[in-house]
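Listing of model.txt, compact mmCIF, N, CA, C and O atoms
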```
# COMPACT_ATOMS: atom_id res chain seq x y z
N MET G 1 -25.55 49.83 2.23
CA MET G 1 -25.91 48.46 1.97
C MET G 1 -25.13 47.56 2.92
O MET G 1 -23.90 47.61 2.95
N PRO G 2 -25.81 46.68 3.69
CA PRO G 2 -25.09 45.81 4.62
C PRO G 2 -24.33 44.72 3.88
O PRO G 2 -24.77 44.24 2.84
N SER G 3 -23.18 44.39 4.39
CA SER G 3 -22.40 43.33 3.75
C SER G 3 -22.95 41.97 4.17
O SER G 3 -23.44 41.79 5.28
N LEU G 4 -22.86 41.04 3.25
CA LEU G 4 -23.33 39.68 3.52
C LEU G 4 -22.14 38.82 3.93
O LEU G 4 -21.05 38.95 3.37
N PRO G 5 -22.35 37.94 4.87
CA PRO G 5 -21.23 37.06 5.23
C PRO G 5 -20.91 36.13 4.06
O PRO G 5 -21.79 35.67 3.36
N LEU G 6 -19.63 35.93 3.87
CA LEU G 6 -19.20 35.06 2.78
C LEU G 6 -19.05 33.64 3.28
O LEU G 6 -18.64 33.40 4.40
N ALA G 7 -19.38 32.70 2.41
CA ALA G 7 -19.19 31.29 2.74
C ALA G 7 -17.69 31.01 2.78
O ALA G 7 -16.92 31.57 2.01
N PRO G 8 -17.27 30.16 3.66
CA PRO G 8 -15.84 29.82 3.71
C PRO G 8 -15.39 29.24 2.38
O PRO G 8 -16.04 28.37 1.83
N SER G 9 -14.30 29.73 1.86
CA SER G 9 -13.85 29.24 0.57
C SER G 9 -12.43 28.68 0.61
O SER G 9 -11.94 28.21 -0.40
N THR G 10 -11.81 28.76 1.75
CA THR G 10 -10.45 28.25 1.82
C THR G 10 -10.46 26.74 2.01
O THR G 10 -11.43 26.16 2.50
N ARG G 11 -9.38 26.10 1.61
CA ARG G 11 -9.29 24.65 1.78
C ARG G 11 -9.38 24.27 3.24
O ARG G 11 -10.00 23.28 3.60
N ALA G 12 -8.75 25.05 4.09
CA ALA G 12 -8.76 24.74 5.53
C ALA G 12 -10.19 24.75 6.06
O ALA G 12 -10.57 23.87 6.83
N ALA G 13 -10.98 25.71 5.65
CA ALA G 13 -12.37 25.78 6.11
C ALA G 13 -13.17 24.60 5.60
O ALA G 13 -13.99 24.03 6.31
N ARG G 14 -12.91 24.19 4.35
CA ARG G 14 -13.63 23.03 3.81
C ARG G 14 -13.22 21.76 4.54
O ARG G 14 -14.05 20.89 4.79
N LEU G 15 -11.95 21.65 4.89
CA LEU G 15 -11.49 20.47 5.62
C LEU G 15 -12.11 20.38 7.01
O LEU G 15 -12.35 19.30 7.52
N GLU G 16 -12.36 21.51 7.62
CA GLU G 16 -12.96 21.50 8.95
C GLU G 16 -14.37 20.94 8.92
O GLU G 16 -14.85 20.42 9.91
N ALA G 17 -15.04 21.03 7.78
CA ALA G 17 -16.41 20.53 7.66
C ALA G 17 -16.47 19.06 7.26
O ALA G 17 -17.53 18.44 7.32
N LEU G 18 -15.35 18.49 6.84
CA LEU G 18 -15.32 17.10 6.39
C LEU G 18 -15.03 16.14 7.54
O LEU G 18 -14.16 16.41 8.36
N ALA G 19 -15.73 15.03 7.54
CA ALA G 19 -15.42 13.96 8.48
C ALA G 19 -14.45 13.00 7.79
O ALA G 19 -14.49 12.84 6.57
N VAL G 20 -13.60 12.37 8.56
CA VAL G 20 -12.62 11.43 8.01
C VAL G 20 -13.33 10.35 7.19
O VAL G 20 -12.85 9.94 6.14
N ARG G 21 -14.48 9.87 7.66
CA ARG G 21 -15.20 8.81 6.95
C ARG G 21 -15.57 9.20 5.52
O ARG G 21 -15.80 8.34 4.69
N GLU G 22 -15.61 10.51 5.24
CA GLU G 22 -15.96 10.98 3.90
C GLU G 22 -14.78 10.91 2.93
O GLU G 22 -14.98 10.97 1.72
N VAL G 23 -13.56 10.78 3.43
CA VAL G 23 -12.39 10.77 2.55
C VAL G 23 -11.51 9.54 2.70
O VAL G 23 -10.60 9.33 1.92
N MET G 24 -11.82 8.69 3.70
CA MET G 24 -10.99 7.51 3.92
C MET G 24 -11.23 6.45 2.84
O MET G 24 -12.22 6.49 2.12
N THR G 25 -10.31 5.52 2.76
CA THR G 25 -10.46 4.38 1.89
C THR G 25 -11.16 3.27 2.67
O THR G 25 -10.60 2.77 3.65
N PRO G 26 -12.38 2.91 2.26
CA PRO G 26 -13.05 1.83 2.98
C PRO G 26 -12.44 0.48 2.61
O PRO G 26 -11.94 0.30 1.50
N ASN G 27 -12.43 -0.46 3.54
CA ASN G 27 -11.89 -1.80 3.32
C ASN G 27 -10.48 -1.77 2.72
O ASN G 27 -10.25 -2.29 1.63
N PRO G 28 -9.54 -1.15 3.41
CA PRO G 28 -8.19 -1.03 2.86
C PRO G 28 -7.48 -2.39 2.76
O PRO G 28 -7.77 -3.30 3.53
N VAL G 29 -6.60 -2.48 1.81
CA VAL G 29 -5.74 -3.66 1.70
C VAL G 29 -4.67 -3.54 2.77
O VAL G 29 -4.35 -2.45 3.24
N SER G 30 -4.10 -4.67 3.18
CA SER G 30 -3.09 -4.64 4.24
C SER G 30 -2.00 -5.65 3.93
O SER G 30 -2.13 -6.48 3.04
N VAL G 31 -0.91 -5.53 4.69
CA VAL G 31 0.19 -6.49 4.60
C VAL G 31 0.34 -7.17 5.96
O VAL G 31 0.03 -6.59 6.99
N ARG G 32 0.84 -8.40 5.93
CA ARG G 32 1.12 -9.14 7.17
C ARG G 32 2.43 -8.63 7.76
O ARG G 32 3.33 -8.22 7.02
N HIS G 33 2.55 -8.70 9.04
CA HIS G 33 3.74 -8.17 9.72
C HIS G 33 5.02 -8.95 9.42
O HIS G 33 6.11 -8.44 9.63
N GLY G 34 4.92 -10.13 8.86
CA GLY G 34 6.10 -10.93 8.58
C GLY G 34 6.69 -10.78 7.19
O GLY G 34 7.73 -11.36 6.90
N VAL G 35 6.05 -9.97 6.31
CA VAL G 35 6.60 -9.81 4.96
C VAL G 35 7.86 -8.96 5.02
O VAL G 35 8.08 -8.20 5.97
N THR G 36 8.69 -9.09 4.00
CA THR G 36 9.92 -8.28 3.96
C THR G 36 9.60 -6.86 3.51
O THR G 36 8.54 -6.60 2.92
N VAL G 37 10.53 -5.98 3.78
CA VAL G 37 10.36 -4.59 3.34
C VAL G 37 10.28 -4.54 1.81
O VAL G 37 9.49 -3.80 1.24
N ARG G 38 11.08 -5.36 1.14
CA ARG G 38 11.05 -5.40 -0.33
C ARG G 38 9.66 -5.83 -0.82
O ARG G 38 9.11 -5.24 -1.72
N GLU G 39 9.09 -6.86 -0.20
CA GLU G 39 7.75 -7.32 -0.59
C GLU G 39 6.70 -6.25 -0.33
O GLU G 39 5.81 -6.02 -1.15
N ALA G 40 6.82 -5.59 0.81
CA ALA G 40 5.86 -4.53 1.15
C ALA G 40 5.99 -3.35 0.19
O ALA G 40 4.98 -2.77 -0.23
N ALA G 41 7.22 -3.00 -0.20
CA ALA G 41 7.43 -1.92 -1.16
C ALA G 41 6.80 -2.26 -2.50
O ALA G 41 6.14 -1.41 -3.12
N ALA G 42 6.96 -3.50 -2.94
CA ALA G 42 6.35 -3.93 -4.19
C ALA G 42 4.83 -3.88 -4.08
O ALA G 42 4.13 -3.47 -5.02
N PHE G 43 4.29 -4.28 -2.94
CA PHE G 43 2.85 -4.24 -2.67
C PHE G 43 2.32 -2.81 -2.84
O PHE G 43 1.31 -2.58 -3.51
N LEU G 44 3.00 -1.85 -2.21
CA LEU G 44 2.57 -0.45 -2.32
C LEU G 44 2.65 0.04 -3.76
O LEU G 44 1.73 0.69 -4.26
N ALA G 45 3.75 -0.28 -4.44
CA ALA G 45 3.96 0.18 -5.82
C ALA G 45 2.93 -0.42 -6.77
O ALA G 45 2.37 0.29 -7.61
N GLU G 46 2.68 -1.72 -6.64
CA GLU G 46 1.73 -2.38 -7.54
C GLU G 46 0.34 -1.79 -7.43
O GLU G 46 -0.40 -1.73 -8.42
N ARG G 47 -0.02 -1.35 -6.25
CA ARG G 47 -1.36 -0.82 -6.03
C ARG G 47 -1.43 0.70 -6.14
O ARG G 47 -2.49 1.29 -6.07
N GLY G 48 -0.27 1.33 -6.28
CA GLY G 48 -0.24 2.79 -6.40
C GLY G 48 -0.72 3.49 -5.15
O GLY G 48 -1.37 4.53 -5.23
N ILE G 49 -0.38 2.93 -3.99
CA ILE G 49 -0.79 3.53 -2.72
C ILE G 49 0.43 3.97 -1.93
O ILE G 49 1.52 3.48 -2.13
N GLY G 50 0.23 4.89 -1.01
CA GLY G 50 1.33 5.44 -0.25
C GLY G 50 1.49 4.84 1.13
O GLY G 50 2.50 5.05 1.79
N ALA G 51 0.48 4.09 1.58
CA ALA G 51 0.55 3.50 2.92
C ALA G 51 -0.46 2.37 3.02
O ALA G 51 -1.41 2.32 2.25
N THR G 52 -0.22 1.50 3.99
CA THR G 52 -1.13 0.38 4.21
C THR G 52 -1.08 -0.05 5.67
O THR G 52 -0.03 0.09 6.31
N PRO G 53 -2.19 -0.54 6.20
CA PRO G 53 -2.14 -1.11 7.54
C PRO G 53 -1.29 -2.38 7.54
O PRO G 53 -1.22 -3.09 6.55
N VAL G 54 -0.64 -2.63 8.68
CA VAL G 54 0.11 -3.87 8.88
C VAL G 54 -0.70 -4.68 9.90
O VAL G 54 -1.08 -4.16 10.95
N VAL G 55 -0.97 -5.95 9.56
CA VAL G 55 -1.78 -6.79 10.44
C VAL G 55 -0.98 -7.99 10.94
O VAL G 55 -0.07 -8.46 10.26
N ASN G 56 -1.34 -8.48 12.12
CA ASN G 56 -0.68 -9.67 12.67
C ASN G 56 -1.38 -10.92 12.14
O ASN G 56 -2.29 -10.83 11.31
N ASP G 57 -0.97 -12.08 12.63
CA ASP G 57 -1.53 -13.33 12.14
C ASP G 57 -3.02 -13.47 12.43
O ASP G 57 -3.73 -14.21 11.75
N ALA G 58 -3.52 -12.76 13.42
CA ALA G 58 -4.94 -12.79 13.76
C ALA G 58 -5.74 -11.79 12.92
O ALA G 58 -6.95 -11.71 13.05
N GLY G 59 -5.04 -11.02 12.07
CA GLY G 59 -5.73 -10.03 11.24
C GLY G 59 -5.96 -8.70 11.92
O GLY G 59 -6.62 -7.82 11.39
N ARG G 60 -5.37 -8.52 13.10
CA ARG G 60 -5.52 -7.27 13.85
C ARG G 60 -4.48 -6.25 13.41
O ARG G 60 -3.29 -6.58 13.28
N ALA G 61 -4.89 -5.02 13.19
CA ALA G 61 -3.96 -3.96 12.80
C ALA G 61 -2.98 -3.70 13.93
O ALA G 61 -3.38 -3.50 15.08
N VAL G 62 -1.69 -3.74 13.58
CA VAL G 62 -0.64 -3.51 14.59
C VAL G 62 0.24 -2.33 14.20
O VAL G 62 1.14 -1.97 14.95
N GLY G 63 -0.02 -1.73 13.06
CA GLY G 63 0.77 -0.59 12.63
C GLY G 63 0.37 -0.13 11.24
O GLY G 63 -0.58 -0.63 10.65
N VAL G 64 1.12 0.83 10.75
CA VAL G 64 0.92 1.37 9.40
C VAL G 64 2.29 1.46 8.75
O VAL G 64 3.25 1.91 9.38
N LEU G 65 2.39 1.02 7.51
CA LEU G 65 3.63 1.13 6.75
C LEU G 65 3.41 2.13 5.63
O LEU G 65 2.45 2.01 4.87
N SER G 66 4.31 3.11 5.52
CA SER G 66 4.20 4.11 4.46
C SER G 66 5.41 4.03 3.53
O SER G 66 6.42 3.40 3.85
N ARG G 67 5.29 4.68 2.39
CA ARG G 67 6.44 4.77 1.47
C ARG G 67 7.64 5.39 2.17
O ARG G 67 8.77 4.99 1.96
N SER G 68 7.38 6.37 3.02
CA SER G 68 8.47 7.02 3.76
C SER G 68 9.18 6.02 4.65
O SER G 68 10.41 6.05 4.78
N ASP G 69 8.42 5.12 5.29
CA ASP G 69 9.04 4.09 6.12
C ASP G 69 9.96 3.20 5.29
O ASP G 69 11.05 2.86 5.71
N VAL G 70 9.50 2.84 4.09
CA VAL G 70 10.30 2.00 3.19
C VAL G 70 11.57 2.73 2.79
O VAL G 70 12.66 2.16 2.82
N LEU G 71 11.45 4.01 2.44
CA LEU G 71 12.62 4.79 2.04
C LEU G 71 13.62 4.93 3.19
O LEU G 71 14.83 4.83 2.98
N LEU G 72 13.13 5.13 4.40
CA LEU G 72 14.02 5.23 5.56
C LEU G 72 14.73 3.90 5.81
O LEU G 72 15.92 3.88 6.14
N ALA G 73 14.01 2.78 5.65
CA ALA G 73 14.64 1.47 5.84
C ALA G 73 15.71 1.22 4.77
O ALA G 73 16.77 0.68 5.07
N ALA G 74 15.43 1.65 3.55
CA ALA G 74 16.40 1.46 2.47
C ALA G 74 17.64 2.32 2.68
O ALA G 74 18.75 1.90 2.34
N ALA G 75 17.47 3.49 3.26
CA ALA G 75 18.60 4.40 3.48
C ALA G 75 19.44 3.99 4.69
O ALA G 75 20.59 4.39 4.80
N ALA G 76 18.86 3.19 5.58
CA ALA G 76 19.57 2.80 6.81
C ALA G 76 20.67 1.79 6.54
O ALA G 76 20.69 1.08 5.60
```
Could you rewrite the structure in this file as structure tokens?
Amino acid sequence: MPSLPLAPSTRAARLEALAVREVMTPNPVSVRHGVTVREAAAFLAERGIGATPVVNDAGRAVGVLSRSDVLLAAAA
């Protein structure tokens, strides 16, 4: 009896078939580049998110702030 090929069942194989647009957060919230680290940390905590885009006064994304960034700033 010939063996049948098995469908990929590993997480890695499933991730290879996914496009970022299928898992991203559409219309993400952001913080302005002039807020304090404390304000940004509260922003992340209040929304239960781990990262957010940072935008300049024109609304253009200039970076990303993560919880890890906040923790590193607090430890410095």
**Request:** Determine, counting only C-alpha atoms, which protein, DNA and RNA residues have an atom within 9 Å of an atom of segment 28-44 of chain G; residues of the same chain fewer than 2 positions away are not included. Present the result as a count of residues only.
**Result:** 25
To test your reading of the structure, identify every residue in segment 7-57 of chain G that backbone DSSP assigns to strand (DSSP E or B), and report it as a PDB file with N, CA, C and O atoms, in the coordinates of the input.
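Once written, selection.pdb looks like this:
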```pdb
ATOM      1  N   VAL G  31      -0.910  -5.530   4.690  1.00  0.00           N
ATOM      2  CA  VAL G  31       0.190  -6.490   4.600  1.00  0.00           C
ATOM      3  C   VAL G  31       0.340  -7.170   5.960  1.00  0.00           C
ATOM      4  O   VAL G  31       0.030  -6.590   6.990  1.00  0.00           O
ATOM      5  N   ARG G  32       0.840  -8.400   5.930  1.00  0.00           N
ATOM      6  CA  ARG G  32       1.120  -9.140   7.170  1.00  0.00           C
ATOM      7  C   ARG G  32       2.430  -8.630   7.760  1.00  0.00           C
ATOM      8  O   ARG G  32       3.330  -8.220   7.020  1.00  0.00           O
ATOM      9  N   ALA G  51       0.480   4.090   1.580  1.00  0.00           N
ATOM     10  CA  ALA G  51       0.550   3.500   2.920  1.00  0.00           C
ATOM     11  C   ALA G  51      -0.460   2.370   3.020  1.00  0.00           C
ATOM     12  O   ALA G  51      -1.410   2.320   2.250  1.00  0.00           O
ATOM     13  N   THR G  52      -0.220   1.500   3.990  1.00  0.00           N
ATOM     14  CA  THR G  52      -1.130   0.380   4.210  1.00  0.00           C
ATOM     15  C   THR G  52      -1.080  -0.050   5.670  1.00  0.00           C
ATOM     16  O   THR G  52      -0.030   0.090   6.310  1.00  0.00           O
ATOM     17  N   PRO G  53      -2.190  -0.540   6.200  1.00  0.00           N
ATOM     18  CA  PRO G  53      -2.140  -1.110   7.540  1.00  0.00           C
ATOM     19  C   PRO G  53      -1.290  -2.380   7.540  1.00  0.00           C
ATOM     20  O   PRO G  53      -1.220  -3.090   6.550  1.00  0.00           O
ATOM     21  N   VAL G  54      -0.640  -2.630   8.680  1.00  0.00           N
ATOM     22  CA  VAL G  54       0.110  -3.870   8.880  1.00  0.00           C
ATOM     23  C   VAL G  54      -0.700  -4.680   9.900  1.00  0.00           C
ATOM     24  O   VAL G  54      -1.080  -4.160  10.950  1.00  0.00           O
ATOM     25  N   VAL G  55      -0.970  -5.950   9.560  1.00  0.00           N
ATOM     26  CA  VAL G  55      -1.780  -6.790  10.440  1.00  0.00           C
ATOM     27  C   VAL G  55      -0.980  -7.990  10.940  1.00  0.00           C
ATOM     28  O   VAL G  55      -0.070  -8.460  10.260  1.00  0.00           O
TER      29      VAL G  55
END
```
**Message:** Rounded to one decimal, what separation in Å do you get between atom CA of Arg21 of chain G and atom CA of Arg60 of chain G?
**Reply:** 20.0 Å
**Message:** As an exercise, work out the distance from atom O of Met24 of chain G to atom O of Arg11 of chain G in Å and give it to one decimal place.
**Reply:** 17.0 Å
**Request:** Determine which residues of chain G receive a DSSP assignment of alpha helix (DSSP H), computed from the backbone, and state them as a VMD selection string.
**Result:** chain G and resid 11 to 17 37 to 47 67 to 75
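Between atom N of Ala45 of chain G and atom C of Ala76 of chain G the separation is 20.3 Å.
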Start from the incomplete input, build all heavy atoms for segment 34-45 of chain G, and deliver everything as a short mmCIF file (atom, residue, chain, number, x, y, z; two decimals), keeping the file's coordinate frame.
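And here is the file that came out, rebuild_7.cif:
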```cif
data_model
loop_
_atom_site.label_atom_id
_atom_site.label_comp_id
_atom_site.auth_asym_id
_atom_site.auth_seq_id
_atom_site.Cartn_x
_atom_site.Cartn_y
_atom_site.Cartn_z
N GLY G 34 4.92 -10.13 8.86
CA GLY G 34 6.10 -10.93 8.58
C GLY G 34 6.69 -10.78 7.19
O GLY G 34 7.73 -11.36 6.90
N VAL G 35 6.05 -9.97 6.31
CA VAL G 35 6.60 -9.81 4.96
C VAL G 35 7.86 -8.96 5.02
O VAL G 35 8.08 -8.20 5.97
CB VAL G 35 5.58 -9.19 3.96
CG1 VAL G 35 4.34 -10.04 3.86
CG2 VAL G 35 5.25 -7.77 4.31
N THR G 36 8.69 -9.09 4.00
CA THR G 36 9.92 -8.28 3.96
C THR G 36 9.60 -6.86 3.51
O THR G 36 8.54 -6.60 2.92
CB THR G 36 10.95 -8.89 2.99
OG1 THR G 36 10.43 -8.77 1.65
CG2 THR G 36 11.25 -10.34 3.32
N VAL G 37 10.53 -5.98 3.78
CA VAL G 37 10.36 -4.59 3.34
C VAL G 37 10.28 -4.54 1.81
O VAL G 37 9.49 -3.80 1.24
CB VAL G 37 11.49 -3.69 3.87
CG1 VAL G 37 11.41 -2.29 3.27
CG2 VAL G 37 11.44 -3.62 5.39
N ARG G 38 11.08 -5.36 1.14
CA ARG G 38 11.05 -5.40 -0.33
C ARG G 38 9.66 -5.83 -0.82
O ARG G 38 9.11 -5.24 -1.72
CB ARG G 38 12.11 -6.35 -0.87
CG ARG G 38 12.14 -6.41 -2.40
CD ARG G 38 13.23 -7.33 -2.92
NE ARG G 38 14.56 -6.87 -2.60
CZ ARG G 38 15.23 -5.95 -3.29
NH1 ARG G 38 14.68 -5.39 -4.34
NH2 ARG G 38 16.45 -5.60 -2.94
N GLU G 39 9.09 -6.86 -0.20
CA GLU G 39 7.75 -7.32 -0.59
C GLU G 39 6.70 -6.25 -0.33
O GLU G 39 5.81 -6.02 -1.15
CB GLU G 39 7.39 -8.60 0.17
CG GLU G 39 8.20 -9.81 -0.23
CD GLU G 39 8.02 -10.98 0.71
OE1 GLU G 39 7.85 -10.78 1.94
OE2 GLU G 39 8.08 -12.12 0.21
N ALA G 40 6.82 -5.59 0.81
CA ALA G 40 5.86 -4.53 1.15
C ALA G 40 5.99 -3.35 0.19
O ALA G 40 4.98 -2.77 -0.23
CB ALA G 40 6.07 -4.07 2.58
N ALA G 41 7.22 -3.00 -0.20
CA ALA G 41 7.43 -1.92 -1.16
C ALA G 41 6.80 -2.26 -2.50
O ALA G 41 6.14 -1.41 -3.12
CB ALA G 41 8.92 -1.64 -1.33
N ALA G 42 6.96 -3.50 -2.94
CA ALA G 42 6.35 -3.93 -4.19
C ALA G 42 4.83 -3.88 -4.08
O ALA G 42 4.13 -3.47 -5.02
CB ALA G 42 6.81 -5.34 -4.55
N PHE G 43 4.29 -4.28 -2.94
CA PHE G 43 2.85 -4.24 -2.67
C PHE G 43 2.32 -2.81 -2.84
O PHE G 43 1.31 -2.58 -3.51
CB PHE G 43 2.61 -4.77 -1.26
CG PHE G 43 1.18 -4.82 -0.83
CD1 PHE G 43 0.40 -5.92 -1.10
CD2 PHE G 43 0.62 -3.76 -0.12
CE1 PHE G 43 -0.92 -5.97 -0.69
CE2 PHE G 43 -0.69 -3.80 0.30
CZ PHE G 43 -1.47 -4.92 0.02
N LEU G 44 3.00 -1.85 -2.21
CA LEU G 44 2.57 -0.45 -2.32
C LEU G 44 2.65 0.04 -3.76
O LEU G 44 1.73 0.69 -4.26
CB LEU G 44 3.44 0.44 -1.42
CG LEU G 44 3.34 0.23 0.09
CD1 LEU G 44 4.38 1.08 0.81
CD2 LEU G 44 1.96 0.53 0.60
N ALA G 45 3.75 -0.28 -4.44
CA ALA G 45 3.96 0.18 -5.82
C ALA G 45 2.93 -0.42 -6.77
O ALA G 45 2.37 0.29 -7.61
CB ALA G 45 5.37 -0.15 -6.28
#
```
